[in-house]
Amino acid sequence: KTMKRNKLLTLFAAVMMLFGVQNAKAITLQVVDGNNGGSIARLVDGDYGSKWEGGFGSGCYVILKNAANLPVIPGSYTIVTGNDNASWNGRGWKAWKIYGANFAYDAAASREADDWTLLDEKSNITQEIVPDVNSTPFDFDFSEAITKGYVYFKIEITELQGATYMQMCEFILNDCAVDLTVADDLKAFDLTGVDADLVDAYNDGLTTLNAATTDAETEAALSTLATLCQKIEGIN
């Protein structure tokens, strides 16, 4: 079994080195964790008519992940104001921080985890920069160009534009290139004691990957492998 595991890991690493960074594109984000009410999933639902909202208190946070379970290098990001900001002023974000990280599985992606890397920090984003208008996108660059890919992203909102109640319609990561050079974060697992069906599924995934002829087919196969790695790590 150890020889089989080593063979799988060697093949996976070789594939990652071969394909490097894939073409930049949009990605689907999922909510992993956060505070401030059951509306949090609306922050990434693609609907400009809905919003994440709730009392601000001492601050709000949300942890998001690339739904494909592949690390991405985003080029910029967009926030979309709430659908009724013009009526309810001061609820937009004035200061926030964005972090990236790679975890073996979702449960490890906690707010206080040590693995988070600061990617961007914004302060004093007043209404001269992001006014109280409804469902309007505003683009932002990261503080510095990001050179490593991440599966997980955390947003810490530390100040609002004057209100004590927070709302935001959407958060979008733009121009995301799949970074396959961080494969070790996805493939570091032990097959000892793992159900044979998972091992067979992984082998099937490798077969599909080897048969891929387009970038889309390659990325889909890699996403399947990454998801299996997370499932195995969660079991162990």
# chains A, B, ... in the order shown; residues from 1 in each chain; ligands from 1
>>> select_by_dssp(residues="chain A", states="strand (DSSP E or B)", output="PyMOL selection string")
chain A and resi 21+25+29-34+52-55+60-66+72-73+76-80+93-101+117-122+137-141+150+152-160+165-168+170-174+176-179
>>> residues_around(residues="Ile40 (chain A)", least_positions_apart="4", cutoff="9 Å", atoms="only C-alpha atoms", output="list in words")
Val31, Asp33, Gly34, Asn35, Asn36, Val44, Lys51, Trp52, Glu53 and Val62 of chain A
>>> write_last_selection(atoms="N, CA, C and O atoms", output="mmCIF file, in the first residue's frame")
data_model
loop_
_atom_site.group_PDB
_atom_site.id
_atom_site.type_symbol
_atom_site.label_atom_id
_atom_site.label_comp_id
_atom_site.auth_asym_id
_atom_site.auth_seq_id
_atom_site.Cartn_x
_atom_site.Cartn_y
_atom_site.Cartn_z
ATOM 1 N N VAL A 31 -18.908 29.617 0.855
ATOM 2 C CA VAL A 31 -18.692 30.024 2.239
ATOM 3 C C VAL A 31 -18.333 28.806 3.078
ATOM 4 O O VAL A 31 -19.022 27.778 3.046
ATOM 5 N N ASP A 33 -17.015 29.462 6.549
ATOM 6 C CA ASP A 33 -17.280 29.878 7.922
ATOM 7 C C ASP A 33 -17.496 31.393 7.932
ATOM 8 O O ASP A 33 -17.214 32.084 6.959
ATOM 9 N N GLY A 34 -17.990 31.891 9.056
ATOM 10 C CA GLY A 34 -18.188 33.329 9.199
ATOM 11 C C GLY A 34 -19.157 33.625 10.325
ATOM 12 O O GLY A 34 -19.691 32.720 10.962
ATOM 13 N N ASN A 35 -19.355 34.903 10.571
ATOM 14 C CA ASN A 35 -20.328 35.302 11.578
ATOM 15 C C ASN A 35 -21.356 36.233 10.947
ATOM 16 O O ASN A 35 -21.312 36.506 9.754
ATOM 17 N N ASN A 36 -22.305 36.652 11.751
ATOM 18 C CA ASN A 36 -23.269 37.650 11.294
ATOM 19 C C ASN A 36 -24.401 37.093 10.463
ATOM 20 O O ASN A 36 -24.705 37.580 9.377
ATOM 21 N N VAL A 44 -21.690 35.497 -1.997
ATOM 22 C CA VAL A 44 -21.064 34.886 -3.172
ATOM 23 C C VAL A 44 -22.079 34.118 -4.014
ATOM 24 O O VAL A 44 -21.727 33.165 -4.705
ATOM 25 N N LYS A 51 -28.109 40.203 -0.322
ATOM 26 C CA LYS A 51 -26.959 40.779 0.385
ATOM 27 C C LYS A 51 -26.664 39.992 1.651
ATOM 28 O O LYS A 51 -27.544 39.340 2.230
ATOM 29 N N TRP A 52 -25.419 40.081 2.094
ATOM 30 C CA TRP A 52 -25.009 39.635 3.422
ATOM 31 C C TRP A 52 -25.212 40.816 4.357
ATOM 32 O O TRP A 52 -24.752 41.930 4.080
ATOM 33 N N GLU A 53 -25.874 40.590 5.478
ATOM 34 C CA GLU A 53 -26.190 41.700 6.372
ATOM 35 C C GLU A 53 -26.266 41.225 7.816
ATOM 36 O O GLU A 53 -26.439 40.040 8.094
ATOM 37 N N VAL A 62 -15.634 36.503 7.158
ATOM 38 C CA VAL A 62 -16.135 35.391 6.360
ATOM 39 C C VAL A 62 -14.935 34.646 5.784
ATOM 40 O O VAL A 62 -13.935 35.256 5.406
#
>>> residues_around(residues="Asp139 (chain A)", least_positions_apart="5", cutoff="7 Å", atoms="only C-alpha atoms", output="list in words")
Tyr77, Thr78 and Ile79 of chain A
>>> write_last_selection(atoms="N, CA, C and O atoms", output="PDB file, in the first residue's frame")
ATOM      1  N   TYR A  77     -10.052  42.188  -7.058  1.00  0.00           N
ATOM      2  CA  TYR A  77     -11.332  41.749  -6.513  1.00  0.00           C
ATOM      3  C   TYR A  77     -12.366  42.863  -6.613  1.00  0.00           C
ATOM      4  O   TYR A  77     -12.038  44.040  -6.825  1.00  0.00           O
ATOM      5  N   THR A  78     -13.616  42.482  -6.470  1.00  0.00           N
ATOM      6  CA  THR A  78     -14.739  43.416  -6.580  1.00  0.00           C
ATOM      7  C   THR A  78     -15.660  43.244  -5.388  1.00  0.00           C
ATOM      8  O   THR A  78     -15.955  42.117  -4.989  1.00  0.00           O
ATOM      9  N   ILE A  79     -16.103  44.361  -4.826  1.00  0.00           N
ATOM     10  CA  ILE A  79     -17.202  44.340  -3.865  1.00  0.00           C
ATOM     11  C   ILE A  79     -18.395  45.023  -4.507  1.00  0.00           C
ATOM     12  O   ILE A  79     -18.238  45.969  -5.289  1.00  0.00           O
TER      13      ILE A  79
END
>>> residues_around(residues="Leu118 (chain A)", least_positions_apart="5", cutoff="8 Å", atoms="only C-alpha atoms", output="CSV table (one decimal) with N, CA and C atoms, in the first residue's frame")
chain,number,residue,atom,x,y,z
A,97,LYS,N,-9.5,43.6,5.8
A,97,LYS,CA,-8.2,42.8,5.5
A,97,LYS,C,-8.6,41.5,4.7
A,98,ILE,N,-7.8,41.1,3.8
A,98,ILE,CA,-8.0,39.9,3.1
A,98,ILE,C,-6.8,39.0,3.2
A,99,TYR,N,-7.1,37.7,3.6
A,99,TYR,CA,-6.0,36.8,3.8
A,99,TYR,C,-6.2,35.6,2.9
A,100,GLY,N,-5.1,34.8,2.6
A,100,GLY,CA,-5.2,33.6,1.9
A,100,GLY,C,-4.5,32.5,2.6
>>> residues_around(residues="Gly59 (chain A)", least_positions_apart="4", cutoff="9 Å", atoms="only C-alpha atoms", output="PDB file with N, CA, C and O atoms, in the first residue's frame")
ATOM      1  N   GLY A  55     -25.822  42.843  12.324  1.00  0.00           N
ATOM      2  CA  GLY A  55     -25.199  43.758  13.256  1.00  0.00           C
ATOM      3  C   GLY A  55     -23.689  43.654  13.213  1.00  0.00           C
ATOM      4  O   GLY A  55     -23.142  42.554  13.116  1.00  0.00           O
ATOM      5  N   GLU A 156     -11.741  40.009   6.837  1.00  0.00           N
ATOM      6  CA  GLU A 156     -12.039  40.594   8.150  1.00  0.00           C
ATOM      7  C   GLU A 156     -12.462  42.041   7.927  1.00  0.00           C
ATOM      8  O   GLU A 156     -11.671  42.865   7.465  1.00  0.00           O
ATOM      9  N   ILE A 157     -13.712  42.352   8.215  1.00  0.00           N
ATOM     10  CA  ILE A 157     -14.205  43.717   8.098  1.00  0.00           C
ATOM     11  C   ILE A 157     -14.069  44.380   9.459  1.00  0.00           C
ATOM     12  O   ILE A 157     -14.658  43.918  10.450  1.00  0.00           O
ATOM     13  N   THR A 158     -13.279  45.442   9.520  1.00  0.00           N
ATOM     14  CA  THR A 158     -12.942  46.039  10.813  1.00  0.00           C
ATOM     15  C   THR A 158     -13.619  47.380  11.075  1.00  0.00           C
ATOM     16  O   THR A 158     -13.620  47.858  12.203  1.00  0.00           O
ATOM     17  N   GLU A 159     -14.202  47.988  10.039  1.00  0.00           N
ATOM     18  CA  GLU A 159     -14.859  49.287  10.239  1.00  0.00           C
ATOM     19  C   GLU A 159     -15.883  49.511   9.129  1.00  0.00           C
ATOM     20  O   GLU A 159     -15.665  49.137   7.976  1.00  0.00           O
ATOM     21  N   LEU A 160     -17.000  50.120   9.492  1.00  0.00           N
ATOM     22  CA  LEU A 160     -18.039  50.478   8.530  1.00  0.00           C
ATOM     23  C   LEU A 160     -18.001  51.984   8.250  1.00  0.00           C
ATOM     24  O   LEU A 160     -17.299  52.742   8.916  1.00  0.00           O
TER      25      LEU A 160
END
>>> atom_distance(atom1="CA of Asn124 (chain A)", atom2="CA of Lys94 (chain A)")
5.5 Å
>>> residues_around(residues="region 204-214 of chain A", least_positions_apart="5", cutoff="8 Å", atoms="only C-alpha atoms", output="VMD selection string")
chain A and resid 12 221 to 222 224 to 225
>>> closest_atom_pairs(of="region 88-201 of chain A", to="region 66-73 of chain A", cutoff="7 Å", atoms="only C-alpha atoms", output="CSV")
residue,atom,partner,partner_atom,distance
A:Ile146,CA,A:Ile73,CA,6.2
A:Thr147,CA,A:Ile73,CA,6.7
A:Lys148,CA,A:Ile73,CA,6.1
A:Gly149,CA,A:Val72,CA,4.3
A:Tyr150,CA,A:Pro71,CA,4.2
A:Val151,CA,A:Pro71,CA,4.3
A:Tyr152,CA,A:Asn66,CA,6.6
A:Cys176,CA,A:Ile73,CA,5.3
A:Ala177,CA,A:Ile73,CA,5.1
A:Val178,CA,A:Val72,CA,4.3
A:Asp179,CA,A:Val72,CA,5.3
A:Leu180,CA,A:Pro71,CA,6.9
>>> select_by_dssp(residues="region 5-143 of chain A", states="alpha helix (DSSP H)", output="number ranges by chain")
A: 5-19
>>> closest_residue(among="A:Pro131, A:Gly82, A:Gly92, A:Gly193", to="Leu43 (chain A)", atoms="only C-alpha atoms")
A:Gly82
>>> closest_residue(among="A:Leu64, A:Lys231, A:Asp115, A:Val130", to="Phe103 (chain A)", atoms="only C-alpha atoms")
A:Asp115
